[in-house]
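Data file: my_file.csv. Format and content: CSV, C-alpha atoms.
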chain,number,residue,atom,x,y,z
W,474,MET,CA,29.7,-17.1,-16.5
W,475,PRO,CA,28.0,-14.7,-14.0
W,476,ASP,CA,24.3,-15.0,-13.3
W,477,ASN,CA,22.4,-12.1,-14.9
W,478,THR,CA,19.4,-12.3,-12.5
W,479,THR,CA,19.1,-9.4,-10.1
W,480,ILE,CA,17.9,-9.7,-6.5
W,481,PRO,CA,16.9,-6.3,-5.2
W,482,ALA,CA,18.5,-5.0,-2.1
W,483,LYS,CA,16.7,-5.4,1.2
W,484,GLY,CA,13.4,-3.5,1.1
W,485,ALA,CA,12.5,-0.5,3.1
W,486,GLY,CA,11.9,-0.9,6.8
W,487,VAL,CA,8.8,-0.6,9.0
W,488,GLY,CA,9.3,3.1,10.1
W,489,ILE,CA,9.5,4.7,6.7
W,490,ARG,CA,6.8,2.5,5.3
W,491,ALA,CA,4.5,3.5,8.3
W,492,LEU,CA,5.2,7.2,7.6
W,493,SER,CA,4.2,6.8,3.9
W,494,THR,CA,1.0,4.8,5.0
W,495,ILE,CA,0.1,7.7,7.4
W,496,MET,CA,0.5,10.2,4.6
W,497,ASP,CA,-1.6,8.1,2.2
W,498,GLY,CA,-4.2,7.7,5.0
W,499,ILE,CA,-4.5,11.5,5.4
W,500,ILE,CA,-5.0,11.8,1.6
W,501,LEU,CA,-7.6,9.0,1.7
W,502,VAL,CA,-9.5,10.6,4.6
W,503,VAL,CA,-9.9,13.8,2.5
W,504,ILE,CA,-11.0,11.7,-0.5
W,505,GLY,CA,-13.5,9.8,1.7
W,506,GLY,CA,-14.9,13.1,3.0
W,507,VAL,CA,-15.4,14.4,-0.5
W,508,LEU,CA,-17.1,11.2,-1.6
W,509,ALA,CA,-19.3,11.3,1.5
W,510,ALA,CA,-20.3,14.9,0.7
W,511,VAL,CA,-20.9,14.3,-2.9
W,512,LEU,CA,-22.8,11.0,-2.4
W,513,GLY,CA,-24.8,12.4,0.5
W,514,SER,CA,-23.6,10.1,3.3
W,515,ASP,CA,-25.4,10.6,6.6
W,516,PHE,CA,-23.2,12.2,9.3
W,517,SER,CA,-26.0,12.6,11.8
W,518,ASN,CA,-25.4,12.1,15.6
W,519,GLY,CA,-21.6,11.9,15.0
W,520,HIS,CA,-21.9,8.7,13.1
W,521,VAL,CA,-21.2,8.0,9.4
W,522,SER,CA,-23.3,5.7,7.3
W,523,GLY,CA,-22.2,2.3,6.0
W,524,SER,CA,-22.0,3.8,2.4
W,525,TYR,CA,-19.2,6.1,3.5
W,526,TYR,CA,-17.1,3.0,4.5
W,527,LEU,CA,-18.0,1.2,1.3
W,528,TRP,CA,-17.0,4.1,-0.8
W,529,SER,CA,-13.8,4.6,1.3
W,530,LEU,CA,-12.8,1.0,0.6
W,531,VAL,CA,-13.4,1.4,-3.1
W,532,ALA,CA,-11.5,4.7,-3.2
W,533,GLY,CA,-8.6,3.2,-1.2
W,534,PHE,CA,-8.4,0.1,-3.5
W,535,CYS,CA,-8.4,2.3,-6.6
W,536,TYR,CA,-5.9,4.8,-5.1
W,537,TYR,CA,-3.3,2.2,-4.1
W,538,THR,CA,-3.7,0.1,-7.3
W,539,TYR,CA,-3.7,3.0,-9.7
W,540,PHE,CA,-0.6,4.8,-8.3
W,541,GLU,CA,1.5,1.7,-7.6
W,542,SER,CA,0.8,0.3,-11.1
W,543,LYS,CA,1.2,3.5,-13.0
W,544,SER,CA,4.2,5.2,-11.2
W,545,GLY,CA,5.4,2.5,-8.8
W,546,ALA,CA,4.5,4.7,-5.8
W,547,THR,CA,1.6,6.3,-4.1
W,548,PRO,CA,1.9,10.0,-3.2
W,549,GLY,CA,2.9,9.0,0.4
W,550,LYS,CA,5.6,6.7,-0.9
W,551,MET,CA,6.9,9.3,-3.3
W,552,LEU,CA,7.2,11.8,-0.5
W,553,CYS,CA,9.1,9.3,1.6
W,554,GLY,CA,11.4,8.3,-1.3
W,555,LEU,CA,10.0,4.8,-1.7
W,556,ARG,CA,8.9,2.7,-4.8
W,557,VAL,CA,7.2,-0.6,-5.3
W,558,GLU,CA,8.9,-3.0,-7.7
W,559,LYS,CA,8.7,-6.6,-8.5
W,560,THR,CA,11.3,-8.9,-6.9
W,561,ASP,CA,13.0,-9.2,-10.2
W,562,GLY,CA,13.5,-5.4,-10.4
W,563,THR,CA,10.9,-4.7,-13.0
W,564,ALA,CA,8.0,-2.2,-12.5
W,565,CYS,CA,5.0,-3.1,-10.5
W,566,ASP,CA,2.1,-4.0,-12.8
W,567,ILE,CA,-1.6,-3.7,-12.2
W,568,SER,CA,-2.1,-7.3,-11.1
W,569,ALA,CA,0.7,-7.1,-8.5
W,570,ALA,CA,-0.6,-3.7,-7.3
W,571,ALA,CA,-4.1,-5.1,-7.0
W,572,MET,CA,-2.9,-8.1,-5.0
W,573,ARG,CA,-0.8,-5.9,-2.6
W,574,THR,CA,-3.9,-3.7,-2.1
W,575,ALA,CA,-6.3,-6.5,-1.5
W,576,CYS,CA,-3.9,-7.9,1.1
W,577,ARG,CA,-4.1,-4.7,3.1
W,578,ILE,CA,-7.2,-6.1,4.7
W,579,ILE,CA,-5.0,-8.7,6.5
W,580,ASP,CA,-1.8,-6.6,6.6
W,581,GLY,CA,-3.7,-3.7,8.2
W,582,LEU,CA,-5.0,-5.7,11.1
W,583,PHE,CA,-4.2,-4.3,14.6
W,584,ALA,CA,-2.9,-1.0,13.2
W,585,TYR,CA,-0.7,-2.7,10.6
W,586,LEU,CA,1.0,-4.9,13.3
W,587,VAL,CA,0.5,-7.9,11.0
W,588,ALA,CA,2.3,-6.1,8.2
W,589,ALA,CA,5.1,-5.0,10.6
W,590,ILE,CA,5.6,-8.6,11.8
W,591,PHE,CA,5.9,-9.8,8.2
W,592,VAL,CA,8.4,-7.1,7.4
W,593,TRP,CA,10.5,-7.8,10.5
W,594,SER,CA,10.6,-11.5,9.8
W,595,SER,CA,11.2,-11.3,6.0
W,596,GLU,CA,14.6,-11.4,4.4
W,597,ARG,CA,13.6,-8.6,2.0
W,598,ASN,CA,11.3,-6.7,4.4
W,599,GLN,CA,8.1,-7.9,2.6
W,600,ARG,CA,4.7,-7.8,4.1
W,601,LEU,CA,2.1,-10.5,3.2
W,602,GLY,CA,0.9,-8.4,0.2
W,603,ASP,CA,4.4,-8.1,-1.1
W,604,LYS,CA,5.1,-11.8,-0.8
W,605,LEU,CA,1.9,-12.8,-2.6
W,606,ALA,CA,2.3,-10.2,-5.3
W,607,GLY,CA,6.0,-10.8,-5.8
W,608,THR,CA,7.0,-7.2,-4.9
W,609,VAL,CA,9.3,-5.3,-2.6
W,610,VAL,CA,9.2,-1.7,-1.4
W,611,VAL,CA,12.6,-0.1,-2.0
W,612,ARG,CA,14.2,3.3,-1.3
W,613,VAL,CA,14.6,5.4,-4.4
W,614,LYS,CA,18.3,6.4,-4.9
Please render this file's structure as structure tokens.
Amino acid sequence: MPDNTTIPAKGAGVGIRALSTIMDGIILVVIGGVLAAVLGSDFSNGHVSGSYYLWSLVAGFCYYTYFESKSGATPGKMLCGLRVEKTDGTACDISAAAMRTACRIIDGLFAYLVAAIFVWSSERNQRLGDKLAGTVVVRVK
């Protein structure tokens, strides 16, 4: 009798994932600027205040967690034809999305070189956040 468990195909590679991250980064810079303007962050002498960075972290966490848990993809991933799903093929839930997002602190080190090394060395192209959350980023067909 055949095994009914499904193992998703190899996940998306570093290049397309980097492009989607850049797109999301552009969106988050705009969101951060709006938050800074609304919350009155100080941009004097070409420097931004610490509150800008704090609010940018909060906005980024909410952005990635919300989109990946609700639609399986951030706007950047959608534009690149990518989706996050659990390794069993089910939809990414809020706890998996939050874990993936929290791990961006480590995955994002050295301009996402840490994430790239994990993806390159993983059988399913998973970064640390994917491994801990039990997710994989796949191409949408």
| Atom-to-atom span, atom CA of Phe534 of chain W and atom CA of Gly486 of chain W, Å |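 These two atoms are separated by 22.8 Å.
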| remark: Atom pair atom CA of Arg556 of chain W + atom CA of Ala575 of chain W, distance 18.1 Å
| query | From the set W:Leu582, W:Glu541, W:Ala569, W:Phe591, which residue has the shortest atom-to-atom contact distance to Leu555 of chain W, counting only C-alpha atoms? | reply |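 Ranked by minimum distance to Leu555 of chain W, first place goes to W:Glu541.
Considering only C-alpha atoms, the residue among W:Tyr539, W:Gly581, W:Gly554, W:Ala588 positioned nearest to Ser568 of chain W is W:Tyr539.
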| For Tyr537 of chain W, which residue among W:Val503, W:Ile567, W:Val611, W:Ala509 is the nearest when counting all atoms listed in the file? |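 Result for the nearest residue to Tyr537 of chain W: W:Ile567.
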| request: Would you mind listing what lies within 12 Å of Pro548 of chain W as number ranges by chain, with all atoms listed in the file counted and same-chain residues fewer than 2 positions away left out? | output: W: 492-501, 536-537, 539-541, 543-546, 550-556
| request: Take atom CA of Lys483 of chain W and atom CA of Thr560 of chain W and report the distance between them in Å, one decimal. | output: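 Result for atom CA of Lys483 of chain W versus atom CA of Thr560 of chain W: 10.3 Å, one decimal.
Shortest separation to Thr563 of chain W among W:Val609, W:Val587, W:Leu601, W:Leu530 occurs at residue W:Val609, atoms counted being all atoms listed in the file.
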